Amino acid sequence: MSVGICVEPPAQHGPVPRTHFAVRGYDLAATLDSGQAFRWRAGPDGSWTGVVRGCWVRLRQTSDGIGAEAALPLRHWHWLADYLQVAVDLDAVLATFPPDPPLRAAVRACYGLRLLRQEPWECLASFILSSTKRIGHIRQIVERLCERFGEPVAVPPGERPAYAFPTAERIARLNARALRACGMGFRAPYLLETARRVADGRFDPAALSALGLEAARARLCELPGVGAKIADCVLLFALGFERAFPLDVWVQRALREWYFPRQRVRPAALRAFVETHFGPHAGYAQQYLFHFMRTGAGRASGRAPCPGGAR
DNA sequence: GTCCAGGAGCCAT
DNA sequence: ATGGCTCATGGA
């Protein structure tokens, strides 16, 4: 199966199992807990534990960046720097946003939120499991899937066991009943068939990065259980298509309340709007609107007609 | 009990 | 093209 853009697994037996990335404007908690990835667990000390490319990782926000530790000494960390996108100049991205009040309010409230660069297969499989599920439930399903079918990975002494995300080959050998037992319901046959296509080479998610946005989206939509929204999540969160704009219920709610209050806007009109309004990093703007709506202005069905003031 | 969730597929207009 | 219905599951 394909492994993604940063191709090598982390080489082991290097000097030390920890490192530090110097980076400004990085809100680690917002980034790891904003519904793009589903495997990060918050510790009581504010650290975050997860598995990236089959490697146990603990991350910590520091005064001048992000600290990382692994279970084993590693020779290099660029796979993690790539995943976290620490080299991205966030301010340069934000400078391309249109200066409208709702987006400004979202950026002010969520500054430091980043897009991750995830592994294509894990991202694709996870978002097939995401449809009409809350983020907490998605985490739960993914965790069960990894515990049951993922390879155990090395963890530091005393840590709870951790597992790699199961490969497409592993899932392709299962049946829908075993998958359903993870709690994924009607999504089981979707994941199974997609895993089969990836495992036998009919579909290579990582290869889509060589295509244009429209062609890559069309290819993803050929997969069972993948429509425009899930396709855009994979394009944005794993393949680096920063114009991809997942239009889920939260973002649609944000757009209707903040950009088209008291109007009847059809989904096609929303689609047309986001494709022209938000610019070359529209997907980044989408993530700010999504996180802002979920955590701030729009929560508890709070009426937030126009965050950021008059329009 | 009722509602809803980072939707998609299918069928009737 | 567009709107409605159904799919399975769990938490509020």
# chains A, B, ... in the order shown; residues from 1 in each chain; ligands from 1
>>> select_by_dssp(residues="region 89-192 of chain A", states="strand (DSSP E)", output="PyMOL selection string")
chain A and resi 152-153+162-163
>>> interface_residues(of="chain A", to="chain C", cutoff="8 Å", atoms="only C-alpha atoms (C1' of nucleotides)", output="mmCIF file with N, CA, C and O atoms, in the first residue's frame")
data_model
loop_
_atom_site.group_PDB
_atom_site.id
_atom_site.type_symbol
_atom_site.label_atom_id
_atom_site.label_comp_id
_atom_site.auth_asym_id
_atom_site.auth_seq_id
_atom_site.Cartn_x
_atom_site.Cartn_y
_atom_site.Cartn_z
ATOM 1 N N HIS A 137 -17.457 10.515 18.823
ATOM 2 C CA HIS A 137 -17.785 9.150 18.380
ATOM 3 C C HIS A 137 -16.798 8.657 17.340
ATOM 4 O O HIS A 137 -16.450 7.473 17.324
ATOM 5 N N GLY A 183 -18.408 -0.377 15.889
ATOM 6 C CA GLY A 183 -19.399 0.674 16.088
ATOM 7 C C GLY A 183 -19.620 1.570 14.891
ATOM 8 O O GLY A 183 -20.247 2.622 15.020
ATOM 9 N N MET A 184 -19.156 1.154 13.723
ATOM 10 C CA MET A 184 -19.221 2.063 12.577
ATOM 11 C C MET A 184 -20.505 1.921 11.757
ATOM 12 O O MET A 184 -20.705 2.660 10.802
ATOM 13 N N GLY A 185 -21.356 0.963 12.110
ATOM 14 C CA GLY A 185 -22.683 0.899 11.489
ATOM 15 C C GLY A 185 -22.643 0.748 9.981
ATOM 16 O O GLY A 185 -21.878 -0.049 9.432
ATOM 17 N N PHE A 186 -23.480 1.519 9.302
ATOM 18 C CA PHE A 186 -23.625 1.357 7.846
ATOM 19 C C PHE A 186 -22.379 1.748 7.070
ATOM 20 O O PHE A 186 -22.298 1.517 5.867
#
>>> interface_residues(of="chain A", to="chain B", cutoff="7 Å", atoms="only C-alpha atoms (C1' of nucleotides)", output="PyMOL selection string")
chain A and resi 35+130-134+225-227+248
>>> write_last_selection(atoms="all heavy atoms", output="tab-separated table (two decimals), in the first residue's frame")
chain	number	residue	atom	x	y	z
A	35	GLY	N	-10.85	18.43	15.03
A	35	GLY	CA	-11.63	17.57	14.15
A	35	GLY	C	-10.97	17.23	12.83
A	35	GLY	O	-11.65	16.76	11.92
A	130	SER	N	-16.61	9.07	9.37
A	130	SER	CA	-17.03	10.30	10.05
A	130	SER	C	-18.46	10.73	9.73
A	130	SER	O	-19.02	11.56	10.44
A	130	SER	CB	-16.10	11.44	9.67
A	130	SER	OG	-16.38	11.91	8.36
A	131	SER	N	-19.05	10.14	8.68
A	131	SER	CA	-20.31	10.71	8.20
A	131	SER	C	-21.43	10.58	9.23
A	131	SER	O	-21.66	9.51	9.79
A	131	SER	CB	-20.72	10.06	6.88
A	131	SER	OG	-21.11	8.74	7.08
A	132	THR	N	-22.12	11.67	9.46
A	132	THR	CA	-23.16	11.80	10.50
A	132	THR	C	-22.73	11.19	11.82
A	132	THR	O	-23.46	10.44	12.45
A	132	THR	CB	-24.51	11.18	10.07
A	132	THR	OG1	-24.28	9.91	9.48
A	132	THR	CG2	-25.24	12.07	9.11
A	133	LYS	N	-21.52	11.53	12.22
A	133	LYS	CA	-20.99	11.13	13.52
A	133	LYS	C	-20.40	12.36	14.19
A	133	LYS	O	-19.79	13.19	13.53
A	133	LYS	CB	-19.90	10.07	13.36
A	133	LYS	CG	-20.42	8.66	13.25
A	133	LYS	CD	-21.04	8.25	14.55
A	133	LYS	CE	-21.64	6.87	14.52
A	133	LYS	NZ	-22.50	6.63	15.68
A	134	ARG	N	-20.54	12.44	15.50
A	134	ARG	CA	-19.86	13.52	16.21
A	134	ARG	C	-18.41	13.16	16.40
A	134	ARG	O	-18.04	11.97	16.43
A	134	ARG	CB	-20.52	13.77	17.55
A	134	ARG	CG	-21.89	14.36	17.36
A	134	ARG	CD	-22.58	14.61	18.65
A	134	ARG	NE	-24.01	14.49	18.41
A	134	ARG	CZ	-24.95	15.07	19.13
A	134	ARG	NH1	-24.62	15.78	20.17
A	134	ARG	NH2	-26.21	14.93	18.81
A	225	GLY	N	-18.96	5.55	-0.29
A	225	GLY	CA	-18.98	6.27	0.98
A	225	GLY	C	-18.21	7.57	0.95
A	225	GLY	O	-18.08	8.22	1.98
A	226	VAL	N	-17.70	7.93	-0.22
A	226	VAL	CA	-16.97	9.19	-0.34
A	226	VAL	C	-17.69	10.12	-1.30
A	226	VAL	O	-17.86	9.80	-2.47
A	226	VAL	CB	-15.52	8.95	-0.84
A	226	VAL	CG1	-14.80	10.29	-0.99
A	226	VAL	CG2	-14.77	8.04	0.09
A	227	GLY	N	-18.15	11.24	-0.78
A	227	GLY	CA	-18.75	12.29	-1.60
A	227	GLY	C	-17.88	13.52	-1.54
A	227	GLY	O	-16.72	13.46	-1.08
A	248	ASP	N	-19.27	20.92	5.71
A	248	ASP	CA	-20.05	20.06	6.60
A	248	ASP	C	-21.16	20.89	7.25
A	248	ASP	O	-21.33	22.06	6.96
A	248	ASP	CB	-19.14	19.45	7.66
A	248	ASP	CG	-18.82	20.44	8.75
A	248	ASP	OD1	-18.48	21.59	8.41
A	248	ASP	OD2	-18.94	20.12	9.93
>>> atom_distance(atom1="CA of Asp82 (chain A)", atom2="CA of Ile66 (chain A)")
13.2 Å
>>> select_by_dssp(residues="region 15-226 of chain A", states="helix (DSSP H, G or I)", output="MDAnalysis selection string")
chainID A and resid 28:32 78:84 90:94 101:110 120:128 135:149 168:172 176:199 205:210 213:221
>>> residues_around(residues="Ala95 (chain A)", least_positions_apart="2", cutoff="12 Å", atoms="only C-alpha atoms (C1' of nucleotides)", output="ChimeraX atom specification")
/A:89-93,97-99,103-104,107,278-282,284-285
>>> write_last_selection(atoms="N, CA, C and O atoms", output="compact mmCIF listing (two decimals), in the first residue's frame")
# COMPACT_ATOMS: atom_id res chain seq x y z
N ASP A 89 4.52 29.24 7.18
CA ASP A 89 4.44 30.61 7.69
C ASP A 89 2.96 30.97 7.86
O ASP A 89 2.29 31.36 6.90
N LEU A 90 2.47 30.80 9.07
CA LEU A 90 1.03 30.99 9.30
C LEU A 90 0.57 32.39 8.95
O LEU A 90 -0.49 32.58 8.34
N ASP A 91 1.37 33.38 9.33
CA ASP A 91 0.94 34.76 9.07
C ASP A 91 0.82 35.03 7.58
O ASP A 91 -0.05 35.80 7.15
N ALA A 92 1.68 34.39 6.79
CA ALA A 92 1.58 34.55 5.34
C ALA A 92 0.28 33.95 4.81
O ALA A 92 -0.35 34.49 3.90
N VAL A 93 -0.13 32.84 5.40
CA VAL A 93 -1.40 32.22 5.01
C VAL A 93 -2.56 33.14 5.39
O VAL A 93 -3.45 33.43 4.59
N PHE A 97 -6.27 35.87 3.54
CA PHE A 97 -7.71 35.78 3.82
C PHE A 97 -8.41 37.09 3.46
O PHE A 97 -7.85 38.17 3.65
N PRO A 98 -9.64 37.01 2.98
CA PRO A 98 -10.41 38.23 2.77
C PRO A 98 -10.71 38.88 4.13
O PRO A 98 -10.90 38.16 5.11
N PRO A 99 -10.72 40.19 4.20
CA PRO A 99 -10.87 40.87 5.49
C PRO A 99 -12.32 41.03 5.93
O PRO A 99 -12.74 42.13 6.29
N LEU A 103 -14.58 36.12 9.47
CA LEU A 103 -13.30 35.42 9.39
C LEU A 103 -12.26 36.08 10.29
O LEU A 103 -11.46 35.40 10.94
N ARG A 104 -12.29 37.41 10.34
CA ARG A 104 -11.38 38.10 11.25
C ARG A 104 -11.62 37.69 12.69
O ARG A 104 -10.69 37.46 13.47
N VAL A 107 -10.21 34.21 13.24
CA VAL A 107 -8.74 34.21 13.32
C VAL A 107 -8.29 34.78 14.67
O VAL A 107 -7.37 34.25 15.29
N PHE A 278 -12.79 32.91 -0.56
CA PHE A 278 -11.77 32.74 0.47
C PHE A 278 -10.34 32.66 -0.03
O PHE A 278 -9.41 32.62 0.76
N GLY A 279 -10.15 32.60 -1.34
CA GLY A 279 -8.80 32.70 -1.86
C GLY A 279 -8.03 31.39 -1.91
O GLY A 279 -8.59 30.31 -1.75
N PRO A 280 -6.71 31.50 -2.13
CA PRO A 280 -5.88 30.33 -2.40
C PRO A 280 -5.73 29.38 -1.21
O PRO A 280 -5.39 28.21 -1.40
N HIS A 281 -5.97 29.87 0.00
CA HIS A 281 -5.90 29.01 1.19
C HIS A 281 -7.29 28.87 1.81
O HIS A 281 -7.45 28.88 3.04
N ALA A 282 -8.29 28.71 0.94
CA ALA A 282 -9.68 28.64 1.41
C ALA A 282 -9.88 27.56 2.46
O ALA A 282 -10.63 27.74 3.41
N TYR A 284 -7.86 26.54 4.68
CA TYR A 284 -7.38 27.05 5.97
C TYR A 284 -8.46 27.92 6.62
O TYR A 284 -8.75 27.79 7.81
N ALA A 285 -9.06 28.79 5.81
CA ALA A 285 -10.14 29.64 6.33
C ALA A 285 -11.29 28.78 6.83
O ALA A 285 -11.88 29.04 7.88
>>> atom_distance(atom1="CA of Ala207 (chain A)", atom2="CA of Gln287 (chain A)")
24.2 Å
